[in-house]
$ cat target.pdb   # PDB, C-alpha atoms
ATOM      1  CA  MET A 234       0.000   0.000   0.000  1.00  0.00           C
ATOM      2  CA  LEU A 235       1.171   3.513  -0.822  1.00  0.00           C
ATOM      3  CA  TYR A 236       0.271   6.323   1.568  1.00  0.00           C
ATOM      4  CA  LEU A 237       0.265  10.052   0.798  1.00  0.00           C
ATOM      5  CA  SER A 238      -1.158  12.830   2.944  1.00  0.00           C
ATOM      6  CA  SER A 239      -1.265  16.557   2.257  1.00  0.00           C
ATOM      7  CA  GLY A 240      -2.983  17.409   5.533  1.00  0.00           C
ATOM      8  CA  ALA A 241      -5.162  16.164   8.362  1.00  0.00           C
ATOM      9  CA  ASP A 242      -8.205  15.850   6.093  1.00  0.00           C
ATOM     10  CA  ALA A 243      -6.497  14.912   2.836  1.00  0.00           C
ATOM     11  CA  ALA A 244      -4.898  11.491   2.512  1.00  0.00           C
ATOM     12  CA  MET A 245      -4.903   8.492   0.194  1.00  0.00           C
ATOM     13  CA  CYS A 246      -3.731   4.928   0.477  1.00  0.00           C
ATOM     14  CA  PHE A 247      -3.795   2.698  -2.602  1.00  0.00           C
ATOM     15  CA  LYS A 248      -2.340  -0.616  -3.685  1.00  0.00           C
ATOM     16  CA  ALA A 249       1.008  -0.155  -5.394  1.00  0.00           C
ATOM     17  CA  THR A 250      -0.460  -1.773  -8.506  1.00  0.00           C
ATOM     18  CA  GLU A 251      -2.793   1.232  -8.855  1.00  0.00           C
ATOM     19  CA  LEU A 252       0.165   3.566  -9.446  1.00  0.00           C
ATOM     20  CA  ARG A 253       0.052   4.175 -13.198  1.00  0.00           C
ATOM     21  CA  GLY A 254       2.927   6.592 -13.491  1.00  0.00           C
ATOM     22  CA  MET A 255       4.854   9.595 -12.291  1.00  0.00           C
ATOM     23  CA  ARG A 256       5.572  12.788 -14.177  1.00  0.00           C
ATOM     24  CA  MET A 257       7.499  15.967 -13.601  1.00  0.00           C
ATOM     25  CA  ASP A 258       5.195  18.947 -13.164  1.00  0.00           C
ATOM     26  CA  ALA A 259       7.851  21.625 -12.525  1.00  0.00           C
ATOM     27  CA  ASP A 260      11.487  21.860 -11.437  1.00  0.00           C
ATOM     28  CA  ASP A 261      10.457  20.804  -7.951  1.00  0.00           C
ATOM     29  CA  SER A 262       7.232  18.848  -8.380  1.00  0.00           C
ATOM     30  CA  ILE A 263       6.127  15.315  -9.267  1.00  0.00           C
ATOM     31  CA  ILE A 264       2.581  14.134  -9.971  1.00  0.00           C
ATOM     32  CA  LEU A 265       1.767  10.504  -9.100  1.00  0.00           C
ATOM     33  CA  GLN A 266      -1.169   9.134 -11.094  1.00  0.00           C
ATOM     34  CA  PHE A 267      -3.359   6.352  -9.733  1.00  0.00           C
ATOM     35  CA  SER A 268      -6.207   4.683 -11.628  1.00  0.00           C
ATOM     36  CA  ASP A 269      -8.802   1.942 -11.328  1.00  0.00           C
ATOM     37  CA  VAL A 270      -9.776   3.327  -7.944  1.00  0.00           C
ATOM     38  CA  ALA A 271     -13.496   3.989  -8.512  1.00  0.00           C
ATOM     39  CA  SER A 272     -14.626   1.553  -5.833  1.00  0.00           C
ATOM     40  CA  LEU A 273     -12.598   3.418  -3.211  1.00  0.00           C
ATOM     41  CA  THR A 274     -13.313   6.983  -4.298  1.00  0.00           C
ATOM     42  CA  ASN A 275     -17.085   7.292  -4.697  1.00  0.00           C
ATOM     43  CA  GLY A 276     -16.817   6.667  -8.423  1.00  0.00           C
ATOM     44  CA  SER A 277     -13.748   8.739  -9.275  1.00  0.00           C
ATOM     45  CA  PRO A 278     -11.832   6.694 -11.855  1.00  0.00           C
ATOM     46  CA  ALA A 279      -8.479   8.303 -11.140  1.00  0.00           C
ATOM     47  CA  ALA A 280      -6.554  10.011  -8.374  1.00  0.00           C
ATOM     48  CA  THR A 281      -3.381  12.070  -8.255  1.00  0.00           C
ATOM     49  CA  ALA A 282      -0.965  13.231  -5.630  1.00  0.00           C
ATOM     50  CA  GLU A 283       1.456  16.107  -6.039  1.00  0.00           C
ATOM     51  CA  ILE A 284       4.696  16.018  -4.104  1.00  0.00           C
ATOM     52  CA  THR A 285       7.323  18.718  -3.848  1.00  0.00           C
ATOM     53  CA  VAL A 286      10.930  17.628  -4.182  1.00  0.00           C
ATOM     54  CA  ALA A 287      14.302  19.312  -3.834  1.00  0.00           C
ATOM     55  CA  ASN A 288      15.095  21.275  -6.988  1.00  0.00           C
ATOM     56  CA  GLU A 289      16.050  19.080  -9.958  1.00  0.00           C
ATOM     57  CA  THR A 290      15.801  15.786  -8.011  1.00  0.00           C
ATOM     58  CA  GLN A 291      12.757  14.362  -9.796  1.00  0.00           C
ATOM     59  CA  LYS A 292      14.697  11.443 -11.276  1.00  0.00           C
ATOM     60  CA  GLU A 293      16.240  10.513  -7.928  1.00  0.00           C
ATOM     61  CA  VAL A 294      12.863  10.637  -6.179  1.00  0.00           C
ATOM     62  CA  MET A 295      11.152   8.571  -8.882  1.00  0.00           C
ATOM     63  CA  GLU A 296      13.984   6.048  -8.673  1.00  0.00           C
ATOM     64  CA  ALA A 297      13.659   5.879  -4.861  1.00  0.00           C
ATOM     65  CA  ILE A 298       9.924   5.208  -5.154  1.00  0.00           C
ATOM     66  CA  VAL A 299      10.454   2.464  -7.745  1.00  0.00           C
ATOM     67  CA  LYS A 300      13.256   0.838  -5.727  1.00  0.00           C
ATOM     68  CA  GLU A 301      11.052   0.779  -2.637  1.00  0.00           C
ATOM     69  CA  LEU A 302       8.216  -0.819  -4.615  1.00  0.00           C
ATOM     70  CA  VAL A 303      10.463  -3.446  -6.207  1.00  0.00           C
ATOM     71  CA  PHE A 304      12.936  -4.217  -3.431  1.00  0.00           C
ATOM     72  CA  GLY A 305      11.371  -2.914  -0.210  1.00  0.00           C
ATOM     73  CA  ASN A 306      10.010  -5.231   2.469  1.00  0.00           C
ATOM     74  CA  ASN A 307       7.446  -2.887   4.002  1.00  0.00           C
ATOM     75  CA  PRO A 308       3.857  -3.566   2.864  1.00  0.00           C
ATOM     76  CA  PHE A 309       2.865  -0.023   3.920  1.00  0.00           C
ATOM     77  CA  VAL A 310       5.015   2.586   2.173  1.00  0.00           C
ATOM     78  CA  VAL A 311       4.776   6.204   3.250  1.00  0.00           C
ATOM     79  CA  ILE A 312       5.743   8.328   0.275  1.00  0.00           C
ATOM     80  CA  ALA A 313       4.783  11.634   1.882  1.00  0.00           C
ATOM     81  CA  ASP A 314       3.007  12.353   5.162  1.00  0.00           C
ATOM     82  CA  GLU A 315       2.605  16.087   5.667  1.00  0.00           C
ATOM     83  CA  VAL A 316       0.938  15.701   9.065  1.00  0.00           C
ATOM     84  CA  ASN A 317       3.851  13.816  10.641  1.00  0.00           C
ATOM     85  CA  SER A 318       6.655  15.173   8.399  1.00  0.00           C
ATOM     86  CA  VAL A 319       7.594  11.678   7.205  1.00  0.00           C
ATOM     87  CA  TYR A 320       8.911  11.226   3.666  1.00  0.00           C
ATOM     88  CA  LEU A 321      10.281   8.245   1.746  1.00  0.00           C
ATOM     89  CA  THR A 322      13.455  10.173   0.930  1.00  0.00           C
ATOM     90  CA  SER A 323      14.943  13.425   2.158  1.00  0.00           C
ATOM     91  CA  ASN A 324      14.511  14.826  -1.365  1.00  0.00           C
ATOM     92  CA  ILE A 325      10.735  14.811  -0.852  1.00  0.00           C
ATOM     93  CA  THR A 326       9.882  18.010   0.978  1.00  0.00           C
ATOM     94  CA  ALA A 327       6.067  18.101   0.938  1.00  0.00           C
ATOM     95  CA  CYS A 328       2.841  16.577  -0.285  1.00  0.00           C
ATOM     96  CA  ASP A 329       0.958  19.491  -1.822  1.00  0.00           C
ATOM     97  CA  ALA A 330      -2.306  17.840  -2.841  1.00  0.00           C
ATOM     98  CA  VAL A 331      -4.263  14.630  -3.159  1.00  0.00           C
ATOM     99  CA  THR A 332      -6.995  14.837  -5.790  1.00  0.00           C
ATOM    100  CA  PHE A 333      -9.756  12.573  -7.053  1.00  0.00           C
ATOM    101  CA  ASP A 334     -10.519  13.206 -10.730  1.00  0.00           C
ATOM    102  CA  THR A 335     -14.171  12.574 -11.543  1.00  0.00           C
ATOM    103  CA  SER A 336     -13.687  13.376 -15.247  1.00  0.00           C
ATOM    104  CA  ALA A 337     -10.882  10.887 -16.018  1.00  0.00           C
ATOM    105  CA  SER A 338     -11.627   7.702 -17.844  1.00  0.00           C
TER     106      SER A 338
END

$ encode --input "target.pdb" --output "structure tokens"
Amino acid sequence: MLYLSSGADAAMCFKATELRGMRMDADDSIILQFSDVASLTNGSPAATAEITVANETQKEVMEAIVKELVFGNNPFVVIADEVNSVYLTSNITACDAVTFDTSAS
């Protein structure tokens, strides 16, 4: 399970297999795209999380996430927890948003 939280009332936890991809959004931002989550999100077919990373470290952060998914032993992976200031790697500095997209297909 992958856990991301951008605040006390904004969190998501999905199976790692629901992670469809990661993309750079800016010099210091990565968007994680989840799909096939309609049964967990009141019908929303997709969800995203935006994390802030140290400037120009998107590749390193994406690699750290993939390595944890492939080689890690923890069934519950905290990628970014804004409430408790816990991050998978020190290059992740914040979780800016978790969003459920009702228009995605």

$ resolve_selection --input "target.pdb" --expression "the PyMOL selection byres ((chain A and resi 252-268) around 8)" --output "list in words"
Phe247, Lys248, Ala249, Thr250, Glu251, Asp269, Val270, Ala271, Pro278, Ala279, Ala280, Thr281, Ala282, Glu283, Ile284, Thr285, Val286, Ala287, Asn288, Glu289, Thr290, Gln291 and Met295 of chain A

$ atom_distance --input "target.pdb" --atom1 "CA of Leu302 (chain A)" --atom2 "CA of Glu315 (chain A)"
20.6 Å

$ atom_distance --input "target.pdb" --atom1 "CA of Ser238 (chain A)" --atom2 "CA of Val310 (chain A)"
12.0 Å

$ closest_residue --input "target.pdb" --among "A:Ser323, A:Ile312, A:Asp329, A:Ser318" --to "Ser239 (chain A)" --atoms "all atoms listed in the file"
A:Asp329

$ closest_residue --input "target.pdb" --among "A:Ala327, A:Asn317, A:Thr322, A:Asn307" --to "Ala241 (chain A)" --atoms "all atoms listed in the file"
A:Asn317

$ closest_residue --input "target.pdb" --among "A:Val331, A:Val316, A:Leu321, A:Leu237" --to "Glu301 (chain A)" --atoms "only C-alpha atoms"
A:Leu321

$ atom_distance --input "target.pdb" --atom1 "CA of Ile325 (chain A)" --atom2 "CA of Val294 (chain A)"
7.1 Å

$ build_atoms --input "target.pdb" --residues "region 319-332 of chain A" --atoms "N, CA and C atoms" --output "PDB file, in the frame of the given file"
ATOM      1  N   VAL A 319       6.895  12.916   7.549  1.00  0.00           N
ATOM      2  CA  VAL A 319       7.594  11.678   7.205  1.00  0.00           C
ATOM      3  C   VAL A 319       7.588  11.547   5.689  1.00  0.00           C
ATOM      4  N   TYR A 320       8.777  11.315   5.110  1.00  0.00           N
ATOM      5  CA  TYR A 320       8.911  11.226   3.666  1.00  0.00           C
ATOM      6  C   TYR A 320       9.807  10.044   3.307  1.00  0.00           C
ATOM      7  N   LEU A 321       9.518   9.418   2.181  1.00  0.00           N
ATOM      8  CA  LEU A 321      10.281   8.245   1.746  1.00  0.00           C
ATOM      9  C   LEU A 321      11.761   8.565   1.600  1.00  0.00           C
ATOM     10  N   THR A 322      12.075   9.740   1.104  1.00  0.00           N
ATOM     11  CA  THR A 322      13.455  10.173   0.930  1.00  0.00           C
ATOM     12  C   THR A 322      13.573  11.630   1.345  1.00  0.00           C
ATOM     13  N   SER A 323      14.754  12.034   1.734  1.00  0.00           N
ATOM     14  CA  SER A 323      14.943  13.425   2.158  1.00  0.00           C
ATOM     15  C   SER A 323      14.766  14.414   1.011  1.00  0.00           C
ATOM     16  N   ASN A 324      14.760  13.941  -0.223  1.00  0.00           N
ATOM     17  CA  ASN A 324      14.511  14.826  -1.365  1.00  0.00           C
ATOM     18  C   ASN A 324      13.032  15.158  -1.532  1.00  0.00           C
ATOM     19  N   ILE A 325      12.151  14.444  -0.864  1.00  0.00           N
ATOM     20  CA  ILE A 325      10.735  14.811  -0.852  1.00  0.00           C
ATOM     21  C   ILE A 325      10.551  15.796   0.288  1.00  0.00           C
ATOM     22  N   THR A 326      10.007  16.965  -0.034  1.00  0.00           N
ATOM     23  CA  THR A 326       9.882  18.010   0.978  1.00  0.00           C
ATOM     24  C   THR A 326       8.445  18.302   1.383  1.00  0.00           C
ATOM     25  N   ALA A 327       7.467  17.848   0.594  1.00  0.00           N
ATOM     26  CA  ALA A 327       6.067  18.101   0.938  1.00  0.00           C
ATOM     27  C   ALA A 327       5.147  17.271   0.058  1.00  0.00           C
ATOM     28  N   CYS A 328       3.932  17.108   0.536  1.00  0.00           N
ATOM     29  CA  CYS A 328       2.841  16.577  -0.285  1.00  0.00           C
ATOM     30  C   CYS A 328       1.860  17.734  -0.407  1.00  0.00           C
ATOM     31  N   ASP A 329       1.745  18.285  -1.616  1.00  0.00           N
ATOM     32  CA  ASP A 329       0.958  19.491  -1.822  1.00  0.00           C
ATOM     33  C   ASP A 329      -0.537  19.222  -1.985  1.00  0.00           C
ATOM     34  N   ALA A 330      -0.884  18.100  -2.585  1.00  0.00           N
ATOM     35  CA  ALA A 330      -2.306  17.840  -2.841  1.00  0.00           C
ATOM     36  C   ALA A 330      -2.554  16.372  -3.129  1.00  0.00           C
ATOM     37  N   VAL A 331      -3.725  15.909  -2.719  1.00  0.00           N
ATOM     38  CA  VAL A 331      -4.263  14.630  -3.159  1.00  0.00           C
ATOM     39  C   VAL A 331      -5.608  14.954  -3.794  1.00  0.00           C
ATOM     40  N   THR A 332      -5.825  14.442  -5.016  1.00  0.00           N
ATOM     41  CA  THR A 332      -6.995  14.837  -5.790  1.00  0.00           C
ATOM     42  C   THR A 332      -7.664  13.628  -6.414  1.00  0.00           C
TER      43      THR A 332
END
